[in-house]
Amino acid sequence: MVPQPPTRPKVALPTITLTDIMVNVLGGAVQLRKSEPASGHDVLRRAGDASVLVLTSLAECPKHGYALIQDVRKFSGVQLGPGTLYGALDRLEALGMIEALPTDARRQPYRITPAGAAALAEHLDALERISTVGRLRLGFGAT
């Protein structure tokens, strides 16, 4: 008989980042590409601030790449480069957070999915809680 390694109990991690939220929303069973095995948090760790900005922009209405860059710059002051934007779009589409719409005159518009909207809402709630605590601890009071 081959000895089995001890199993570690599953511990519920706090929902803090968009990555954690996507794990919760998608149930941790995510596979980006057929050649790449799903591994829960490790796969989702690739989502970052650019993903949050893209989801926030798409929450308003569907947009193509250039319109996303312009909108993100307008509401956040962050200038996403094309590589950062299209990397985020690829990841979000693979995760089911956004979907591509039919092309329009060589432009590829995207829209947020219900899973993407749920993940964004939960992430924004977490940021609001963190912001409130941070402001209170700095003596600024809650906003």
# chains A, B, ... in the order shown; residues from 1 in each chain; ligands from 1

call {"tool": "residues_around", "arguments": {"residues": "stretch 82-99 of chain A", "least_positions_apart": "5", "cutoff": "6 Å", "atoms": "only C-alpha atoms", "output": "number ranges by chain"}}
result
A: 32, 51, 110-113, 115-116

call {"tool": "write_last_selection", "arguments": {"atoms": "N, CA and C atoms", "output": "mmCIF file, in the first residue's frame"}}
result
data_model
loop_
_atom_site.group_PDB
_atom_site.id
_atom_site.type_symbol
_atom_site.label_atom_id
_atom_site.label_comp_id
_atom_site.auth_asym_id
_atom_site.auth_seq_id
_atom_site.Cartn_x
_atom_site.Cartn_y
_atom_site.Cartn_z
ATOM 1 N N LEU A 32 -7.596 28.555 -18.399
ATOM 2 C CA LEU A 32 -7.430 29.585 -19.402
ATOM 3 C C LEU A 32 -7.279 29.004 -20.800
ATOM 4 N N SER A 51 -7.603 44.732 -15.112
ATOM 5 C CA SER A 51 -8.862 44.003 -15.240
ATOM 6 C C SER A 51 -9.994 44.740 -14.531
ATOM 7 N N TYR A 110 -16.537 44.742 -26.727
ATOM 8 C CA TYR A 110 -16.691 43.776 -25.648
ATOM 9 C C TYR A 110 -17.774 44.278 -24.707
ATOM 10 N N ARG A 111 -18.394 43.329 -23.987
ATOM 11 C CA ARG A 111 -19.345 43.704 -22.954
ATOM 12 C C ARG A 111 -19.092 42.830 -21.727
ATOM 13 N N ILE A 112 -19.479 43.374 -20.592
ATOM 14 C CA ILE A 112 -19.332 42.651 -19.333
ATOM 15 C C ILE A 112 -20.411 41.578 -19.248
ATOM 16 N N THR A 113 -20.086 40.436 -18.668
ATOM 17 C CA THR A 113 -21.058 39.355 -18.478
ATOM 18 C C THR A 113 -21.641 39.465 -17.069
ATOM 19 N N ALA A 115 -21.347 37.319 -14.727
ATOM 20 C CA ALA A 115 -20.283 36.900 -13.794
ATOM 21 C C ALA A 115 -19.280 38.029 -13.577
ATOM 22 N N GLY A 116 -18.968 38.769 -14.634
ATOM 23 C CA GLY A 116 -18.054 39.905 -14.514
ATOM 24 C C GLY A 116 -18.647 41.014 -13.674
#

call {"tool": "closest_residue", "arguments": {"among": "A:His64, A:Gln70, A:Ser57, A:Phe75", "to": "A:Pro102", "atoms": "only C-alpha atoms"}}
result
A:His64

call {"tool": "atom_distance", "arguments": {"atom1": "atom CA of A:Glu122", "atom2": "atom CA of A:Leu58"}}
result
15.7 Å

call {"tool": "closest_residue", "arguments": {"among": "A:Ala126, A:Asp49, A:Pro114, A:Ala59", "to": "A:Asp71", "atoms": "only C-alpha atoms"}}
result
A:Ala59
